[in-house]
>>> print(open('coords.txt').read())   # compact mmCIF, C-alpha atoms and all ligand atoms
# COMPACT_ATOMS: atom_id res chain seq x y z
CA MET A 1 38.28 -4.11 -4.60
CA GLN A 2 39.14 -3.51 -0.92
CA LYS A 3 37.77 -6.24 1.40
CA ASN A 4 37.33 -4.21 4.59
CA LYS A 5 35.55 -0.90 4.69
CA PRO A 6 38.08 1.92 4.99
CA ASP A 7 37.72 4.35 7.89
CA TYR A 8 36.51 7.11 5.55
CA TYR A 9 33.63 4.96 4.23
CA ASN A 10 30.95 6.76 6.24
CA ASP A 11 32.87 9.83 7.40
CA LEU A 12 33.04 13.04 5.34
CA ASP A 13 35.86 14.55 7.40
CA LYS A 14 37.96 11.46 6.82
CA VAL A 15 37.12 11.56 3.10
CA ASN A 16 38.41 15.12 3.01
CA GLN A 17 41.57 14.06 4.84
CA LYS A 18 42.06 11.16 2.44
CA ILE A 19 41.69 13.50 -0.57
CA TRP A 20 44.56 15.71 0.58
CA GLU A 21 46.69 12.70 1.56
CA MET A 22 46.26 11.27 -1.92
CA LEU A 23 47.05 14.59 -3.58
CA SER A 24 50.13 14.92 -1.41
CA SER A 25 51.37 11.46 -2.33
CA GLY A 26 50.56 12.18 -5.99
CA LEU A 27 52.77 15.22 -5.79
CA LYS A 28 55.73 13.42 -4.21
CA ASN A 29 55.52 10.04 -5.86
CA ARG A 30 56.05 9.87 -9.64
CA ASP A 31 54.46 6.42 -9.74
CA ALA A 32 51.28 7.41 -7.90
CA PRO A 33 48.23 7.60 -10.19
CA PHE A 34 47.43 11.05 -8.78
CA HIS A 35 50.77 12.32 -10.16
CA ILE A 36 49.26 12.74 -13.64
CA PRO A 37 45.68 14.03 -13.62
CA VAL A 38 43.68 14.97 -16.71
CA PHE A 39 43.24 18.73 -16.98
CA ILE A 40 39.99 19.66 -18.74
CA CYS A 41 39.18 23.11 -20.02
CA GLY A 42 37.64 24.72 -23.05
CA ASN A 43 36.40 27.85 -24.68
CA LYS A 44 32.64 28.34 -24.87
CA GLU A 45 32.01 25.58 -27.47
CA LYS A 46 34.64 22.86 -27.24
CA PHE A 47 36.16 21.18 -24.20
CA ASP A 48 39.24 18.99 -24.19
CA GLY A 49 41.34 17.05 -21.69
CA ARG A 50 45.04 16.36 -21.49
CA ILE A 51 47.41 14.71 -19.01
CA VAL A 52 49.54 17.06 -16.91
CA VAL A 53 52.02 16.53 -14.06
CA LEU A 54 50.85 17.67 -10.65
CA ARG A 55 53.53 20.14 -9.48
CA GLY A 56 52.06 21.68 -6.37
CA ILE A 57 49.24 21.58 -3.86
CA ASP A 58 48.23 24.01 -1.13
CA GLU A 59 45.39 22.84 1.10
CA LYS A 60 45.27 26.10 3.06
CA GLU A 61 45.04 28.26 -0.06
CA LYS A 62 42.83 25.60 -1.74
CA LYS A 63 44.79 25.37 -4.97
CA LEU A 64 46.77 23.01 -7.21
CA TRP A 65 49.18 23.80 -10.00
CA PHE A 66 51.07 22.38 -12.96
CA HIS A 67 53.65 23.67 -15.46
CA SER A 68 52.94 24.37 -19.10
CA ASP A 69 54.02 26.09 -22.29
CA ILE A 70 52.51 29.57 -22.60
CA ARG A 71 52.11 29.01 -26.38
CA SER A 72 49.92 25.91 -25.97
CA ASN A 73 46.25 25.74 -26.98
CA LYS A 74 44.99 25.26 -23.43
CA ILE A 75 46.29 28.74 -22.57
CA LYS A 76 44.24 30.28 -25.38
CA ASN A 77 41.17 28.50 -24.01
CA LEU A 78 41.85 29.52 -20.41
CA LYS A 79 42.05 33.16 -21.47
CA ILE A 80 38.49 32.86 -22.84
CA ASN A 81 37.18 30.62 -20.07
CA PRO A 82 39.26 30.18 -16.89
CA GLU A 83 37.03 27.42 -15.49
CA ALA A 84 38.65 23.97 -15.47
CA THR A 85 38.50 20.52 -13.92
CA LEU A 86 41.31 18.21 -12.88
CA LEU A 87 40.30 14.56 -13.07
CA PHE A 88 42.13 11.93 -11.00
CA TYR A 89 41.68 8.19 -10.69
CA ASP A 90 43.50 5.69 -8.50
CA LYS A 91 42.75 2.14 -9.62
CA ASN A 92 44.04 0.47 -6.45
CA GLU A 93 42.18 2.79 -4.13
CA LYS A 94 39.13 2.82 -6.46
CA ILE A 95 38.88 6.54 -5.96
CA GLN A 96 37.97 9.18 -8.54
CA LEU A 97 38.27 12.92 -7.87
CA ARG A 98 36.91 15.78 -9.94
CA ILE A 99 38.48 19.01 -8.78
CA SER A 100 36.93 22.10 -10.34
CA GLY A 101 37.94 25.70 -10.08
CA ILE A 102 39.18 28.87 -11.67
CA CYS A 103 42.61 29.04 -13.26
CA LYS A 104 45.27 31.67 -13.04
CA ILE A 105 47.99 31.76 -15.69
CA ASN A 106 51.28 32.71 -14.05
CA TYR A 107 53.79 34.06 -16.54
CA GLN A 108 57.08 35.81 -15.81
CA ASN A 109 56.22 36.57 -12.20
CA SER A 110 57.75 35.57 -8.85
CA PHE A 111 55.79 32.30 -8.86
CA THR A 112 57.17 31.21 -12.26
CA GLU A 113 60.66 32.39 -11.29
CA THR A 114 60.68 30.10 -8.24
CA SER A 115 59.18 27.18 -10.17
CA TRP A 116 61.58 27.61 -13.10
CA LYS A 117 64.59 27.57 -10.76
CA LYS A 118 63.36 24.23 -9.39
CA THR A 119 62.72 22.80 -12.88
CA ALA A 120 65.27 20.09 -13.56
CA HIS A 121 67.60 20.14 -16.55
CA MET A 122 65.70 17.35 -18.31
CA SER A 123 62.26 18.88 -17.71
CA ARG A 124 63.42 22.19 -19.24
CA GLN A 125 63.74 20.37 -22.57
CA CYS A 126 59.96 20.79 -23.21
CA TYR A 127 60.35 24.57 -23.30
CA LEU A 128 63.30 24.73 -25.70
CA GLY A 129 61.49 24.42 -29.03
CA ASP A 130 61.18 27.54 -31.16
CA LYS A 131 57.74 26.54 -32.48
CA ALA A 132 54.51 26.49 -30.48
CA PRO A 133 53.11 23.10 -29.40
CA GLY A 134 50.24 21.98 -31.64
CA LEU A 135 51.45 23.75 -34.82
CA ASP A 136 51.26 21.85 -38.13
CA PHE A 137 54.59 20.58 -39.47
CA PRO A 138 55.26 18.84 -42.81
CA THR A 139 57.48 16.05 -41.37
CA PRO A 140 57.62 14.00 -38.14
CA THR A 141 59.37 16.10 -35.49
CA SER A 142 59.93 16.60 -31.77
CA GLY A 143 60.05 20.34 -32.48
CA LEU A 144 63.53 20.43 -30.93
CA THR A 145 67.04 20.52 -32.36
CA GLN A 146 69.04 17.27 -32.30
CA ASP A 147 71.23 18.63 -29.48
CA VAL A 148 68.20 19.45 -27.35
CA ASP A 149 66.69 16.03 -28.17
CA ASP A 150 69.97 14.50 -26.94
CA LEU A 151 69.92 16.68 -23.80
CA LYS A 152 73.13 18.31 -24.99
CA TYR A 153 72.53 21.76 -23.58
CA SER A 154 73.93 23.53 -20.56
CA LYS A 155 71.97 24.97 -17.66
CA GLU A 156 72.74 28.45 -19.05
CA GLU A 157 71.48 27.45 -22.52
CA SER A 158 68.27 26.11 -20.98
CA GLU A 159 67.44 29.55 -19.55
CA ILE A 160 66.00 30.58 -22.92
CA GLY A 161 63.09 28.21 -22.19
CA TYR A 162 61.84 30.48 -19.42
CA LYS A 163 60.10 32.71 -21.99
CA ASN A 164 57.84 29.74 -22.89
CA PHE A 165 57.26 28.57 -19.33
CA CYS A 166 54.14 29.21 -17.28
CA VAL A 167 52.46 27.81 -14.19
CA ILE A 168 48.72 27.19 -14.18
CA GLU A 169 47.14 27.41 -10.76
CA THR A 170 43.62 26.08 -10.21
CA TYR A 171 41.81 27.80 -7.33
CA ILE A 172 39.48 25.06 -6.16
CA LYS A 173 35.76 25.72 -5.97
CA SER A 174 34.58 22.15 -5.50
CA ILE A 175 35.74 18.57 -5.17
CA GLU A 176 33.63 15.61 -6.08
CA TRP A 177 34.68 12.23 -4.72
CA LEU A 178 33.66 8.77 -5.87
CA TYR A 179 34.70 5.58 -4.10
CA LEU A 180 33.86 2.25 -5.68
CA ALA A 181 33.13 -0.60 -3.28
CA ALA A 182 31.57 -3.99 -3.92
CA LYS A 183 29.19 -3.51 -1.01
CA GLY A 184 28.07 -0.01 -1.86
CA HIS A 185 29.78 2.90 -3.56
CA ARG A 186 30.13 6.27 -1.87
CA ARG A 187 29.98 9.70 -3.46
CA ALA A 188 30.64 13.00 -1.72
CA TYR A 189 30.75 16.68 -2.61
CA PHE A 190 32.84 19.42 -1.03
CA ASN A 191 32.18 23.08 -1.66
CA LEU A 192 35.38 25.00 -0.97
CA ASN A 193 33.93 28.24 -2.28
CA LYS A 194 32.50 29.23 1.10
CA LYS A 195 34.26 30.49 4.23
CA GLN A 196 33.55 27.17 5.88
CA LEU A 197 34.03 23.91 3.99
CA GLU A 198 30.60 22.53 2.99
CA LYS A 199 30.37 18.77 2.64
CA LYS A 200 27.58 16.38 1.73
CA TRP A 201 26.90 12.86 0.48
CA LEU A 202 25.50 12.24 -2.99
CA ILE A 203 23.86 9.22 -4.54
CA PRO A 204 26.68 7.44 -6.40
C1 LIG B 1 52.67 11.76 -18.88
C2 LIG B 1 52.40 13.11 -19.48
C3 LIG B 1 52.67 14.24 -18.75
C4 LIG B 1 52.42 15.50 -19.28
N1 LIG B 1 52.64 16.61 -18.51
C5 LIG B 1 52.30 17.83 -18.99
C6 LIG B 1 52.39 18.99 -18.15
O1 LIG B 1 52.75 18.93 -16.96
N2 LIG B 1 52.04 20.17 -18.69
C7 LIG B 1 51.59 20.30 -19.97
O2 LIG B 1 51.27 21.42 -20.38
N3 LIG B 1 51.49 19.23 -20.79
C8 LIG B 1 51.83 18.00 -20.32
N4 LIG B 1 51.71 16.90 -21.13
C9 LIG B 1 51.29 17.09 -22.54
C10 LIG B 1 49.78 17.34 -22.60
O3 LIG B 1 49.07 16.16 -22.32
C11 LIG B 1 49.35 17.93 -23.95
O4 LIG B 1 49.67 17.04 -24.98
C12 LIG B 1 50.02 19.28 -24.21
O5 LIG B 1 50.06 20.07 -23.04
C13 LIG B 1 49.30 20.05 -25.31
O6 LIG B 1 47.97 20.26 -24.90
P1 LIG B 1 47.06 21.45 -25.45
O7 LIG B 1 47.29 21.52 -26.94
O8 LIG B 1 45.70 21.05 -25.10
O9 LIG B 1 47.51 22.72 -24.78
C14 LIG B 1 51.94 15.63 -20.61
C15 LIG B 1 51.64 14.47 -21.33
C16 LIG B 1 51.88 13.25 -20.78
C17 LIG B 1 51.54 12.02 -21.60
>>> encode(input="coords.txt", output="structure tokens")
Amino acid sequence: MQKNKPDYYNDLDKVNQKIWEMLSSGLKNRDAPFHIPVFICGNKEKFDGRIVVLRGIDEKEKKLWFHSDIRSNKIKNLKINPEATLLFYDKNEKIQLRISGICKINYQNSFTETSWKKTAHMSRQCYLGDKAPGLDFPTPTSGLTQDVDDLKYSKEESEIGYKNFCVIETYIKSIEWLYLAAKGHRRAYFNLNKKQLEKKWLIP
């Protein structure tokens, strides 16, 4: 627990600034807790969460994005219900964020082309299986060939993975912030769905 009150403790503008600073450091720093949020989505009946890697943020356009496999179950859900939440928690900062919005599935467009080009050799491995993630299989398996498991594939050979690659953008509608402090928690809500950012305090 932090001893001194941070400068954003009673200041909504500073909270907003802190949110984007933390997202930015989560994007750049693999060890930052904000690097791997939980992405929660569902069809009409069942919701589920899974860890993803934060791959991009755009404060001006009010969106975040991550990479995924177009064959995965979350894509099927997003096609039925594009609403989703990204859940972040930083234990040292004692800050939780719930970022909610509407998702866009980018597939074989200029966005995915640019992202795929930047996807490192090792990260392309996830897209090189010929079976969809989540399928039943009779034996333990990575779903990849031994060569792919051993990273024995060339850049050219990895290009085949592009057909499985997609980028999920979340267009942010709201951000809910929770800061835990021994001498009084703080909770705030930002509505990004209006022309002007709306911000207010909530009871924690
Ligand atoms: C540390 C970590 C990072 C992950 N990053 C991603 C990611 O960026 N994108 C993704 O689709 N799945 C990622 N996964 C796998 C997902 O958590 C999940 O198992 C997978 O996407 C299948 O989910 P689904 O069946 O709900 O679609 C990651 C898992 C872990 C543990």
>>> residues_around(input="coords.txt", residues="stretch 185-187 of chain A", least_positions_apart="2", cutoff="10 Å", atoms="all atoms listed in the file", output="PyMOL selection string")
chain A and resi 8-10+12+15+94-97+176-183+189+200-204
>>> residues_around(input="coords.txt", residues="stretch 147-155 of chain A", least_positions_apart="2", cutoff="8 Å", atoms="all atoms listed in the file", output="PyMOL selection string")
chain A and resi 121-122+125+128+142+144-145+157-159
>>> residues_near_ligand(input="coords.txt", ligand="ligand LIG 1 (chain B)", cutoff="12 Å", atoms="all atoms listed in the file", output="number ranges by chain")
A: 27, 30-43, 46-56, 65-78, 105, 119, 123-124, 126-127, 132-136, 164-169
>>> atom_distance(input="coords.txt", atom1="atom CA of A:Leu192", atom2="atom CA of A:Asp13")
13.4 Å
>>> atom_distance(input="coords.txt", atom1="atom CA of A:Ile19", atom2="atom CA of A:Ala120")
27.7 Å
>>> closest_residue(input="coords.txt", among="A:Ile102, A:Asn4, A:Glu198, A:Glu61", to="A:Ala84", atoms="all atoms listed in the file")
A:Ile102
>>> closest_residue(input="coords.txt", among="A:Asp90, A:Asn191, A:Gly129, A:Lys79", to="A:Asn106", atoms="all atoms listed in the file")
A:Lys79
>>> atom_distance(input="coords.txt", atom1="atom CA of A:Ser100", atom2="atom CA of A:Ser174")
5.4 Å
>>> closest_residue(input="coords.txt", among="A:Pro82, A:Gly101, A:Gly161, A:Gly184", to="A:Asp130", atoms="only C-alpha atoms")
A:Gly161
>>> axis_aligned_box(input="coords.txt", around="stretch 26-32 of chain A", padding_each_side="6 Å", output="AutoDock Vina command-line options")
--center_x 53.3 --center_y 10.8 --center_z -7.0 --size_x 17.5 --size_y 20.8 --size_z 17.5
>>> decode(input="coords.txt", residues="stretch 58-76 of chain A", atoms="N, CA, C and O atoms", output="short mmCIF file (atom, residue, chain, number, x, y, z; two decimals), in the first residue's frame")
data_model
loop_
_atom_site.label_atom_id
_atom_site.label_comp_id
_atom_site.auth_asym_id
_atom_site.auth_seq_id
_atom_site.Cartn_x
_atom_site.Cartn_y
_atom_site.Cartn_z
N ASP A 58 -4.44 3.62 -28.57
CA ASP A 58 -4.55 4.90 -29.28
C ASP A 58 -5.52 5.77 -28.47
O ASP A 58 -6.73 5.57 -28.52
N GLU A 59 -4.93 6.71 -27.71
CA GLU A 59 -5.74 7.54 -26.82
C GLU A 59 -6.66 8.45 -27.64
O GLU A 59 -7.82 8.65 -27.28
N LYS A 60 -6.14 8.96 -28.74
CA LYS A 60 -6.93 9.89 -29.56
C LYS A 60 -8.15 9.18 -30.16
O LYS A 60 -9.26 9.69 -30.12
N GLU A 61 -7.90 7.99 -30.69
CA GLU A 61 -8.99 7.23 -31.31
C GLU A 61 -9.77 6.41 -30.29
O GLU A 61 -10.73 5.70 -30.64
N LYS A 62 -9.33 6.43 -29.04
CA LYS A 62 -9.98 5.75 -27.91
C LYS A 62 -10.13 4.25 -28.18
O LYS A 62 -11.24 3.70 -28.21
N LYS A 63 -9.01 3.60 -28.45
CA LYS A 63 -9.09 2.16 -28.71
C LYS A 63 -7.82 1.43 -28.27
O LYS A 63 -6.75 2.04 -28.15
N LEU A 64 -7.99 0.13 -28.04
CA LEU A 64 -6.88 -0.77 -27.68
C LEU A 64 -6.97 -1.97 -28.61
O LEU A 64 -8.04 -2.27 -29.12
N TRP A 65 -5.88 -2.69 -28.79
CA TRP A 65 -6.00 -3.90 -29.59
C TRP A 65 -5.02 -4.99 -29.18
O TRP A 65 -4.05 -4.74 -28.49
N PHE A 66 -5.38 -6.22 -29.56
CA PHE A 66 -4.52 -7.38 -29.33
C PHE A 66 -4.62 -8.31 -30.54
O PHE A 66 -5.53 -8.18 -31.36
N HIS A 67 -3.69 -9.25 -30.64
CA HIS A 67 -3.67 -10.20 -31.75
C HIS A 67 -4.38 -11.49 -31.34
O HIS A 67 -4.36 -11.86 -30.17
N SER A 68 -4.93 -12.17 -32.32
CA SER A 68 -5.56 -13.45 -32.00
C SER A 68 -5.63 -14.36 -33.23
O SER A 68 -5.24 -13.96 -34.32
N ASP A 69 -6.15 -15.57 -32.97
CA ASP A 69 -6.35 -16.54 -34.04
C ASP A 69 -7.81 -16.45 -34.48
O ASP A 69 -8.71 -16.58 -33.64
N ILE A 70 -8.03 -16.24 -35.75
CA ILE A 70 -9.39 -16.03 -36.28
C ILE A 70 -10.28 -17.25 -36.02
O ILE A 70 -11.50 -17.12 -35.99
N ARG A 71 -9.66 -18.43 -35.80
CA ARG A 71 -10.45 -19.65 -35.60
C ARG A 71 -10.86 -19.85 -34.14
O ARG A 71 -11.55 -20.81 -33.81
N SER A 72 -10.41 -18.95 -33.25
CA SER A 72 -10.64 -19.18 -31.81
C SER A 72 -12.09 -18.89 -31.40
O SER A 72 -12.81 -18.16 -32.08
N ASN A 73 -12.48 -19.45 -30.26
CA ASN A 73 -13.88 -19.35 -29.81
C ASN A 73 -14.31 -17.90 -29.53
O ASN A 73 -15.47 -17.55 -29.71
N LYS A 74 -13.36 -17.08 -29.06
CA LYS A 74 -13.74 -15.70 -28.75
C LYS A 74 -14.24 -14.96 -29.99
O LYS A 74 -15.10 -14.09 -29.91
N ILE A 75 -13.73 -15.35 -31.15
CA ILE A 75 -14.15 -14.69 -32.40
C ILE A 75 -15.61 -15.04 -32.70
O ILE A 75 -16.39 -14.17 -33.09
N LYS A 76 -15.95 -16.31 -32.47
CA LYS A 76 -17.35 -16.73 -32.70
C LYS A 76 -18.27 -15.91 -31.79
O LYS A 76 -19.33 -15.44 -32.22
#
